[in-house]
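Pasting protein_22.cif here (mmCIF, C-alpha atoms):
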data_final
loop_
_atom_site.label_atom_id
_atom_site.label_comp_id
_atom_site.auth_asym_id
_atom_site.auth_seq_id
_atom_site.Cartn_x
_atom_site.Cartn_y
_atom_site.Cartn_z
CA MET O 36 119.12 150.25 -5.75
CA ALA O 37 121.30 149.82 -2.66
CA LYS O 38 125.07 150.14 -2.33
CA LYS O 39 127.12 148.76 0.54
CA SER O 40 130.11 150.50 2.06
CA GLY O 41 132.10 150.05 5.30
CA SER O 42 131.23 152.19 8.29
CA LYS O 43 134.12 154.45 9.20
CA GLY O 44 135.89 153.59 12.50
CA ASP O 45 133.81 150.48 13.29
CA PRO O 46 134.48 147.31 11.29
CA SER O 47 131.55 145.58 12.96
CA LYS O 48 129.05 147.88 11.21
CA ARG O 49 128.22 148.68 7.55
CA GLU O 50 126.45 151.44 5.63
CA ILE O 51 123.60 150.89 3.16
CA LYS O 52 122.93 153.76 0.73
CA GLN O 53 119.58 153.99 -1.08
CA VAL O 54 120.16 155.20 -4.68
CA TYR O 55 117.33 156.23 -7.05
CA ILE O 56 117.48 156.59 -10.85
CA THR O 57 116.13 159.88 -12.17
CA GLU O 58 114.28 160.35 -15.45
CA ASP O 59 117.40 161.47 -17.24
CA GLY O 60 119.21 158.30 -16.11
CA SER O 61 121.43 159.83 -13.47
CA GLU O 62 121.82 158.39 -9.95
CA GLU O 63 120.66 160.23 -6.88
CA THR O 64 121.36 159.13 -3.29
CA SER O 65 118.51 159.74 -0.94
CA VAL O 66 119.01 157.73 2.36
CA THR O 67 122.04 156.33 4.12
CA ALA O 68 121.51 153.70 6.80
CA VAL O 69 124.07 152.05 9.08
CA VAL O 70 123.40 148.49 10.19
CA GLU O 71 125.43 146.13 12.39
CA LYS O 72 127.18 143.30 10.66
CA ARG O 73 126.47 139.73 11.61
CA LYS O 74 129.26 138.00 13.45
CA THR O 75 131.35 135.80 11.30
CA LYS O 76 131.86 132.13 12.03
CA GLY O 77 135.37 132.94 13.20
CA GLU O 78 134.08 135.43 15.75
CA GLU O 79 131.47 132.96 16.98
CA GLY O 80 134.22 130.36 17.32
CA GLU O 81 136.29 132.74 19.41
CA ASN O 82 133.35 133.36 21.76
CA HIS O 83 132.80 129.63 22.07
CA ARG O 84 136.45 129.07 22.87
CA ASP O 85 136.28 131.82 25.51
CA LYS O 86 133.38 130.05 27.19
CA ILE O 87 135.22 126.72 27.17
CA SER O 88 138.32 128.40 28.56
CA GLY O 89 136.30 129.89 31.43
CA ALA O 90 134.75 126.50 32.26
CA THR O 91 138.19 124.88 32.17
CA LYS O 92 139.56 127.42 34.63
CA THR O 93 136.66 126.74 37.01
CA LEU O 94 137.25 123.00 36.81
CA ARG O 95 140.94 123.49 37.49
CA ILE O 96 140.19 125.56 40.59
CA VAL O 97 137.77 122.91 41.88
CA ALA O 98 140.28 120.14 41.15
CA VAL O 99 143.06 121.98 43.02
CA ALA O 100 140.76 122.57 46.02
CA VAL O 101 139.76 118.89 46.14
CA ALA O 102 143.39 117.79 45.82
CA MET O 103 144.42 120.12 48.66
CA PHE O 104 141.61 118.80 50.89
CA PHE O 105 142.52 115.15 50.38
CA SER O 106 146.22 115.94 50.79
CA LEU O 107 145.45 117.58 54.13
CA MET O 108 143.34 114.61 55.25
CA LEU O 109 146.07 112.18 54.22
CA ALA O 110 148.68 114.21 56.11
CA MET O 111 146.48 114.21 59.23
CA MET O 112 145.93 110.45 58.99
CA VAL O 113 149.65 109.83 58.59
CA GLY O 114 150.37 112.13 61.54
CA VAL O 115 147.85 110.36 63.77
CA GLY O 116 149.19 106.99 62.68
CA LEU O 117 152.76 107.96 63.51
CA ALA O 118 151.68 109.35 66.88
CA LEU O 119 149.86 106.11 67.73
CA TRP O 120 152.81 104.02 66.59
CA ASP O 121 155.27 106.15 68.58
CA SER O 122 153.18 105.83 71.75
CA ASN O 123 152.48 102.11 71.25
CA ARG O 124 148.75 102.73 70.85
CA THR O 125 146.07 101.40 68.51
CA ILE O 126 143.14 102.79 66.56
CA ALA O 127 140.87 101.19 69.15
CA ASP O 128 142.54 103.24 71.89
CA LEU O 129 142.05 106.42 69.87
CA SER O 130 138.41 105.56 69.24
CA ALA O 131 137.89 104.88 72.94
CA ALA O 132 139.27 108.27 73.92
CA ILE O 133 137.17 110.12 71.35
CA THR O 134 133.92 108.32 72.10
CA GLY O 135 134.32 108.28 75.87
CA ALA O 136 134.53 104.50 76.07
CA PRO O 137 136.61 102.95 78.86
CA VAL O 138 140.21 102.47 77.79
CA GLN O 139 140.20 99.11 79.53
CA ALA O 140 137.32 97.45 81.33
CA ALA O 141 136.75 94.58 83.72
CA THR O 142 133.58 92.76 82.75
CA TYR O 143 131.41 90.14 84.38
CA ASP O 144 128.89 87.71 82.98
CA GLN O 145 125.67 88.13 84.91
CA VAL O 146 123.96 85.26 86.70
CA PRO O 147 120.43 84.94 85.23
CA GLY O 148 117.74 86.06 87.58
CA ASP O 149 119.61 87.58 90.52
CA GLY O 150 121.47 90.33 88.65
CA ASN O 151 124.73 89.63 90.50
CA PRO O 152 127.99 88.77 88.78
CA ASP O 153 129.30 85.25 88.57
CA ALA O 154 132.69 85.46 90.26
CA GLU O 155 134.04 82.59 88.16
CA ALA O 156 133.00 84.38 84.99
CA LEU O 157 135.18 87.42 85.61
CA THR O 158 137.17 88.00 82.45
CA THR O 159 140.81 88.86 82.69
CA ILE O 160 141.51 92.55 82.54
CA ASN O 161 143.51 93.47 79.50
CA ASP O 162 146.72 94.73 81.09
CA ASP O 163 148.93 95.07 78.03
CA ASN O 164 149.61 98.68 78.95
CA ALA O 165 151.09 97.63 82.29
CA ALA O 166 154.09 95.97 80.61
CA VAL O 167 155.30 94.60 83.95
CA VAL O 168 158.42 92.43 83.64
CA SER O 169 160.87 90.89 86.03
CA ASP O 170 164.52 91.80 86.48
CA THR O 171 165.65 88.87 84.36
CA GLN O 172 163.16 89.68 81.62
CA GLU O 173 164.35 93.26 81.56
CA GLU O 174 167.96 92.20 81.10
CA SER O 175 167.15 89.81 78.29
CA SER O 176 164.78 92.06 76.41
CA GLY O 177 166.74 95.28 76.82
CA ASP O 178 163.41 97.08 76.84
CA ALA O 179 163.75 99.04 80.07
CA THR O 180 163.21 102.75 79.69
CA ASP O 181 164.21 105.88 81.52
CA GLY O 182 160.60 106.89 82.05
CA ALA O 183 160.42 109.19 79.04
CA ASP O 184 157.71 107.32 77.15
CA TYR O 185 154.24 106.01 77.86
CA GLY O 186 153.47 102.32 77.93
CA GLU O 187 156.98 102.00 79.33
CA THR O 188 158.40 98.80 80.73
CA ILE O 189 158.07 98.83 84.51
CA GLU O 190 160.50 96.87 86.63
CA SER O 191 158.71 94.51 88.96
CA ASP O 192 159.51 94.04 92.64
CA GLU O 193 159.33 90.28 92.09
CA ALA O 194 162.46 88.20 91.67
CA GLY O 195 163.08 86.57 88.30
CA LEU O 196 160.15 84.71 86.76
CA SER O 197 160.65 81.40 85.00
CA LYS O 198 158.52 79.02 82.96
CA ALA O 199 157.01 75.99 84.65
CA ASP O 200 158.62 72.59 84.01
CA GLU O 201 156.66 69.41 83.36
CA ASP O 202 157.24 68.17 86.93
CA ASP O 203 156.20 71.40 88.59
CA GLU O 204 152.95 71.39 90.53
CA ILE O 205 150.71 74.40 90.09
CA VAL O 206 148.98 75.36 93.35
CA SER O 207 146.22 77.95 93.40
CA PRO O 208 146.23 80.69 96.06
CA ASP O 209 143.06 79.21 97.59
CA GLU O 210 144.75 75.88 98.21
CA SER O 211 147.93 77.34 99.68
CA GLU O 212 146.81 80.31 101.75
CA GLY O 213 143.05 80.39 101.60
CA PRO O 214 140.91 83.26 100.27
CA GLN O 215 142.43 86.72 100.45
CA ALA O 216 139.92 88.94 102.22
CA LEU O 217 140.13 92.67 101.63
CA LYS O 218 139.68 95.20 104.40
CA ASP O 219 136.51 97.16 104.81
CA PRO O 220 137.30 100.41 102.96
CA LEU O 221 135.99 102.43 105.91
CA GLU O 222 137.91 100.45 108.53
CA ASP O 223 140.66 102.38 110.32
CA TYR O 224 139.88 105.53 108.36
CA PRO O 225 141.97 107.47 107.60
CA ARG O 226 144.78 105.14 106.64
CA PRO O 227 148.21 106.55 105.75
CA PHE O 228 149.24 107.10 102.14
CA THR O 229 151.84 104.75 100.76
CA LYS O 230 153.68 104.04 97.52
CA VAL O 231 152.36 101.39 95.12
CA ASP O 232 153.22 100.10 91.65
CA GLU O 233 151.03 100.05 88.55
CA SER O 234 149.47 96.69 89.42
CA TYR O 235 147.56 98.48 92.19
CA PHE O 236 145.31 100.02 89.54
CA LYS O 237 144.21 96.83 87.78
CA ASP O 238 140.95 96.83 89.71
CA ALA O 239 140.63 100.61 89.90
CA LEU O 240 137.88 102.68 88.30
CA PHE O 241 138.36 106.29 87.18
CA ILE O 242 135.29 108.50 86.77
CA GLY O 243 135.55 112.01 85.41
CA ASP O 244 135.85 114.58 82.67
CA SER O 245 138.03 115.07 79.59
CA ARG O 246 141.18 115.64 81.63
CA LEU O 247 140.82 112.23 83.22
CA GLN O 248 139.88 110.77 79.85
CA GLY O 249 143.18 111.98 78.44
CA PHE O 250 144.98 110.52 81.46
CA GLY O 251 143.40 107.14 80.76
CA PHE O 252 144.48 107.28 77.14
CA TRP O 253 148.10 108.32 77.72
CA SER O 254 149.12 107.32 81.27
CA GLY O 255 149.47 103.59 80.66
CA LEU O 256 147.76 102.61 83.91
CA PRO O 257 145.82 99.33 83.47
CA ALA O 258 142.59 100.63 84.99
CA THR O 259 138.97 101.11 83.87
CA TYR O 260 137.96 104.59 82.73
CA TYR O 261 134.37 105.88 82.73
CA CYS O 262 135.22 109.34 81.44
CA ALA O 263 133.90 111.71 78.79
CA THR O 264 134.42 115.22 77.52
CA GLY O 265 132.07 117.59 79.34
CA PHE O 266 131.19 115.06 82.05
CA HIS O 267 128.96 116.84 84.57
CA ILE O 268 128.26 115.57 88.08
CA TYR O 269 124.73 116.98 87.95
CA LYS O 270 123.99 114.62 85.04
CA TYR O 271 125.96 111.53 86.07
CA GLU O 272 122.83 109.36 86.05
CA THR O 273 121.85 110.21 82.47
CA THR O 274 125.04 111.16 80.61
CA LYS O 275 126.03 108.37 78.22
CA VAL O 276 129.66 107.66 78.99
CA VAL O 277 130.45 103.96 78.62
CA GLN O 278 130.62 102.34 75.20
CA THR O 279 128.88 98.94 75.09
CA GLU O 280 127.70 96.57 72.37
CA ASN O 281 124.37 98.36 72.46
CA GLY O 282 125.85 101.84 72.28
CA LYS O 283 126.85 104.32 74.97
CA VAL O 284 125.14 104.11 78.36
CA PRO O 285 125.39 105.96 81.71
CA ILE O 286 128.02 104.72 84.15
CA PHE O 287 125.68 102.77 86.43
CA ASP O 288 124.06 101.00 83.48
CA ALA O 289 127.43 99.45 82.66
CA MET O 290 129.06 99.07 86.08
CA PRO O 291 129.53 95.47 87.26
CA TYR O 292 128.83 94.69 90.90
CA ASP O 293 131.78 94.39 93.31
CA ALA O 294 134.45 94.56 90.59
CA PHE O 295 136.56 97.49 91.79
CA THR O 296 138.47 98.05 95.03
CA LYS O 297 139.53 101.64 94.25
CA ILE O 298 137.50 104.41 92.67
CA TYR O 299 138.99 107.75 91.63
CA ILE O 300 136.57 110.61 91.01
CA LYS O 301 137.74 113.84 89.38
CA VAL O 302 134.97 116.35 88.72
CA GLY O 303 134.34 119.98 89.55
CA LEU O 304 135.86 122.07 86.75
CA ASN O 305 132.90 121.81 84.38
CA GLU O 306 130.56 122.51 87.28
CA LEU O 307 132.15 125.87 88.15
CA GLY O 308 129.58 128.55 87.49
CA TYR O 309 126.63 126.16 87.91
CA GLY O 310 124.58 125.91 91.07
CA THR O 311 125.89 126.44 94.58
CA GLU O 312 128.63 124.73 96.54
CA GLU O 313 125.94 123.13 98.68
CA ASN O 314 124.20 121.63 95.63
CA PHE O 315 127.52 120.45 94.23
CA GLU O 316 128.50 118.61 97.42
CA GLN O 317 125.02 117.17 97.87
CA THR O 318 125.08 115.66 94.37
CA TYR O 319 128.67 114.47 94.90
CA ALA O 320 127.62 112.70 98.11
CA GLN O 321 124.79 110.96 96.26
CA LEU O 322 127.25 109.72 93.65
CA ILE O 323 129.60 108.32 96.33
CA ALA O 324 126.72 106.62 98.14
CA LYS O 325 125.58 104.91 94.95
CA LEU O 326 129.13 103.86 94.11
CA ARG O 327 129.44 102.20 97.49
CA GLU O 328 126.25 100.25 96.82
CA TYR O 329 127.73 98.85 93.62
CA GLU O 330 131.34 98.55 94.85
CA PRO O 331 131.21 97.87 98.62
CA ARG O 332 134.94 97.07 98.86
CA ALA O 333 136.16 100.17 97.05
CA ILE O 334 138.29 102.89 98.58
CA ILE O 335 136.99 106.24 97.30
CA TYR O 336 139.44 108.94 96.18
CA VAL O 337 138.23 112.52 95.72
CA HIS O 338 140.62 114.10 93.25
CA ALA O 339 141.21 117.84 93.42
CA ILE O 340 140.63 119.99 90.35
CA LEU O 341 143.88 120.60 88.49
CA PRO O 342 144.82 124.27 87.93
CA VAL O 343 144.71 126.05 84.58
CA THR O 344 147.40 128.30 83.11
CA ALA O 345 147.69 131.92 84.19
CA LYS O 346 146.52 133.10 80.76
CA LYS O 347 143.42 130.90 80.89
CA SER O 348 142.72 131.94 84.45
CA GLU O 349 142.88 135.64 83.60
CA THR O 350 140.45 135.34 80.68
CA ASP O 351 137.78 133.01 82.10
CA LYS O 352 135.27 134.31 84.63
CA ALA O 353 134.31 130.85 85.90
CA HIS O 354 137.14 128.43 85.16
CA ASN O 355 139.97 130.28 86.84
CA ASN O 356 142.47 129.38 89.52
CA PRO O 357 140.95 131.43 92.38
CA ASN O 358 137.66 129.55 91.89
CA ILE O 359 139.52 126.25 91.59
CA VAL O 360 141.44 126.86 94.83
CA LYS O 361 138.21 127.73 96.63
CA ARG O 362 136.46 124.59 95.41
CA ASN O 363 139.45 122.38 96.23
CA GLU O 364 139.46 123.66 99.81
CA ALA O 365 135.81 122.67 100.09
CA LEU O 366 136.48 119.29 98.45
CA LYS O 367 139.17 118.52 101.03
CA GLU O 368 136.69 118.91 103.88
CA PHE O 369 133.98 117.17 101.88
CA ALA O 370 136.21 114.10 101.41
CA LYS O 371 136.67 113.81 105.17
CA SER O 372 132.91 113.94 105.72
CA GLN O 373 132.50 111.06 103.25
CA LYS O 374 135.42 109.05 104.66
CA ALA O 375 137.07 109.37 101.28
CA TYR O 376 140.70 110.24 100.51
CA PHE O 377 141.47 113.66 99.08
CA ILE O 378 144.37 113.77 96.61
CA ASP O 379 145.73 116.79 94.75
CA ALA O 380 148.21 116.45 91.89
CA GLY O 381 148.07 120.18 91.19
CA PRO O 382 151.27 121.14 93.06
CA VAL O 383 153.45 118.79 90.97
CA LEU O 384 152.03 120.24 87.73
CA SER O 385 152.03 123.94 88.56
CA ASP O 386 154.50 126.78 88.91
CA GLU O 387 155.36 128.68 92.09
CA GLU O 388 152.20 130.78 91.79
CA GLY O 389 149.94 127.73 91.50
CA ASN O 390 149.26 128.03 87.76
CA LEU O 391 149.45 125.10 85.37
CA LYS O 392 152.81 125.34 83.58
CA PRO O 393 152.18 126.62 80.04
CA GLU O 394 154.61 124.18 78.44
CA MET O 395 152.52 121.29 79.75
CA THR O 396 149.38 122.21 77.81
CA SER O 397 148.30 123.42 74.38
CA ASP O 398 144.95 124.92 75.41
CA GLY O 399 145.57 126.08 78.96
CA ILE O 400 143.59 123.21 80.49
CA HIS O 401 144.45 119.72 79.22
CA LEU O 402 147.85 118.12 79.78
CA LYS O 403 150.00 117.09 76.86
CA PRO O 404 150.62 113.31 76.68
CA GLU O 405 154.28 113.55 77.71
CA TYR O 406 153.34 115.09 81.08
CA MET O 407 150.84 112.41 82.09
CA LYS O 408 153.69 110.45 83.68
CA ILE O 409 154.02 113.15 86.37
CA TRP O 410 150.36 112.68 87.29
CA ARG O 411 150.74 108.88 87.14
CA GLU O 412 153.75 108.92 89.46
CA PHE O 413 151.86 111.13 91.89
CA LEU O 414 149.02 108.60 92.09
CA CYS O 415 151.50 105.76 92.63
CA GLU O 416 153.10 107.66 95.51
CA ASN O 417 149.81 108.57 97.19
CA ALA O 418 147.72 105.43 97.54
CA VAL O 419 145.96 103.63 100.38
CA ASN O 420 146.08 99.89 101.05
#
Give the structure from the file, written as structure tokens.
Amino acid sequence: MAKKSGSKGDPSKREIKQVYITEDGSEETSVTAVVEKRKTKGEEGENHRDKISGATKTLRIVAVAVAMFFSLMLAMMVGVGLALWDSNRTIADLSAAITGAPVQAATYDQVPGDGNPDAEALTTINDDNAAVVSDTQEESSGDATDGADYGETIESDEAGLSKADEDDEIVSPDESEGPQALKDPLEDYPRPFTKVDESYFKDALFIGDSRLQGFGFWSGLPATYYCATGFHIYKYETTKVVQTENGKVPIFDAMPYDAFTKIYIKVGLNELGYGTEENFEQTYAQLIAKLREYEPRAIIYVHAILPVTAKKSETDKAHNNPNIVKRNEALKEFAKSQKAYFIDAGPVLSDEEGNLKPEMTSDGIHLKPEYMKIWREFLCENAVN
């Protein structure tokens, strides 16, 4: 016979006593065993609820993390949208800057068979960014600016423009003055620098690295930009820079023949620390020679490397201002040997010690959008006709 009794101090266990009946009828306990009780349904329910509670907490953590991620993405999208709206830019402009596509491009339809462009098929360059208006237009629109923003309205040197009346006769330039022949770019070299307006750059091509890419995106000049982050002169023939319908291609796979009369080249920073100065100039000369084959009327500008900030210069063994100054001195002599024009916007962007002003950049190298106008004005004041 067995008797049950609670185990002292532990309600989850119980005692079982083995009791035997003797011959005289009395009870005698012989063995006491302690066994663990089975969990009640209530206890099992509590364990189940604990498991559900743990799963719920995990789901809540995941949900909060997902919500924070999408909130951050939404905030970034709103910020980018406001920045584009404030600077009068579009998503297409942003995409062009990110992918390395030209901000604006002059394109030709090719004549079948001979590979040369059809002059009559030249499409009009999209010059919305120029925003050139006359004096009378400026007064009526009230859209003139003080030069603080990009895509600003530029006052034209022309007198007031007016719409044509029904009786007006439209005469083409060819009929009135004959074809306008451009000078040989090497004739009378070197020509003096002069001041020009933004229309000068409508048939200009800019080739270069991420700094020049940013200039194309934010300066407002109506030019063509074959620029990309990390552009390297040693790989100019193979680096895919220009966005086309068939994807990105190297610059000479997209360049139309005889479309540009000015070409600005700004390279040299990414190449610091690679090869020798002799190799650099040799490759640079090959690039200029090929450009002149494609664009025989183009004036070539060799742009100096812009300085970096003092902090960046002190912490970078290759991309520092002493190396930049040394290369720029060599580029100045190199430009003369190529009958090209050396231009250096560095002094108007740097402090008294020749370092890029820290307030003009967020990473020590690239200019902030609001300072591109200084660079733009420098180019307008140092051009060759």
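Here the PyMOL selection byres ((chain O and resi 254) around 8) captures the residues O:Tyr185, O:Gly186, O:Phe250, O:Gly251, O:Phe252, O:Trp253, O:Gly255, O:Leu256, O:Pro404, O:Met407, O:Lys408, O:Arg411.
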Write a file of the just-selected residues containing C-alpha atoms, as a PDB file, in the frame of the given file.
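File again-v4.pdb, as written:
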ATOM      1  CA  TYR O 185     154.240 106.010  77.860  1.00  0.00           C
ATOM      2  CA  GLY O 186     153.470 102.320  77.930  1.00  0.00           C
ATOM      3  CA  PHE O 250     144.980 110.520  81.460  1.00  0.00           C
ATOM      4  CA  GLY O 251     143.400 107.140  80.760  1.00  0.00           C
ATOM      5  CA  PHE O 252     144.480 107.280  77.140  1.00  0.00           C
ATOM      6  CA  TRP O 253     148.100 108.320  77.720  1.00  0.00           C
ATOM      7  CA  GLY O 255     149.470 103.590  80.660  1.00  0.00           C
ATOM      8  CA  LEU O 256     147.760 102.610  83.910  1.00  0.00           C
ATOM      9  CA  PRO O 404     150.620 113.310  76.680  1.00  0.00           C
ATOM     10  CA  MET O 407     150.840 112.410  82.090  1.00  0.00           C
ATOM     11  CA  LYS O 408     153.690 110.450  83.680  1.00  0.00           C
ATOM     12  CA  ARG O 411     150.740 108.880  87.140  1.00  0.00           C
TER      13      ARG O 411
END
List the residues matched by the PyMOL selection byres ((chain O and resi 267) around 9) in the displayed structure as a PDB file with C-alpha atoms, keeping the file's coordinate frame, ordered by chain and then by residue number.
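selection.pdb written:
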ATOM      1  CA  GLY O 243     135.550 112.010  85.410  1.00  0.00           C
ATOM      2  CA  ASP O 244     135.850 114.580  82.670  1.00  0.00           C
ATOM      3  CA  GLY O 265     132.070 117.590  79.340  1.00  0.00           C
ATOM      4  CA  PHE O 266     131.190 115.060  82.050  1.00  0.00           C
ATOM      5  CA  ILE O 268     128.260 115.570  88.080  1.00  0.00           C
ATOM      6  CA  TYR O 269     124.730 116.980  87.950  1.00  0.00           C
ATOM      7  CA  LYS O 270     123.990 114.620  85.040  1.00  0.00           C
ATOM      8  CA  TYR O 271     125.960 111.530  86.070  1.00  0.00           C
ATOM      9  CA  THR O 274     125.040 111.160  80.610  1.00  0.00           C
ATOM     10  CA  VAL O 302     134.970 116.350  88.720  1.00  0.00           C
ATOM     11  CA  GLY O 303     134.340 119.980  89.550  1.00  0.00           C
ATOM     12  CA  LEU O 304     135.860 122.070  86.750  1.00  0.00           C
ATOM     13  CA  ASN O 305     132.900 121.810  84.380  1.00  0.00           C
ATOM     14  CA  GLU O 306     130.560 122.510  87.280  1.00  0.00           C
TER      15      GLU O 306
END
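Note that atom CA of Glu313 of chain O and atom CA of Pro331 of chain O are 25.8 Å apart.
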Once you add 3 Å to each side, what are the centre and edge lengths of the axis-aligned box holding all listed atoms of segment 273-292 of chain O? One decimal in Å, as AutoDock Vina command-line options, if you can.
--center_x 126.2 --center_y 102.9 --center_z 81.6 --size_x 14.8 --size_y 22.5 --size_z 24.6
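Atom CA of Pro257 of chain O is positioned 21.3 Å from atom CA of Pro220 of chain O.
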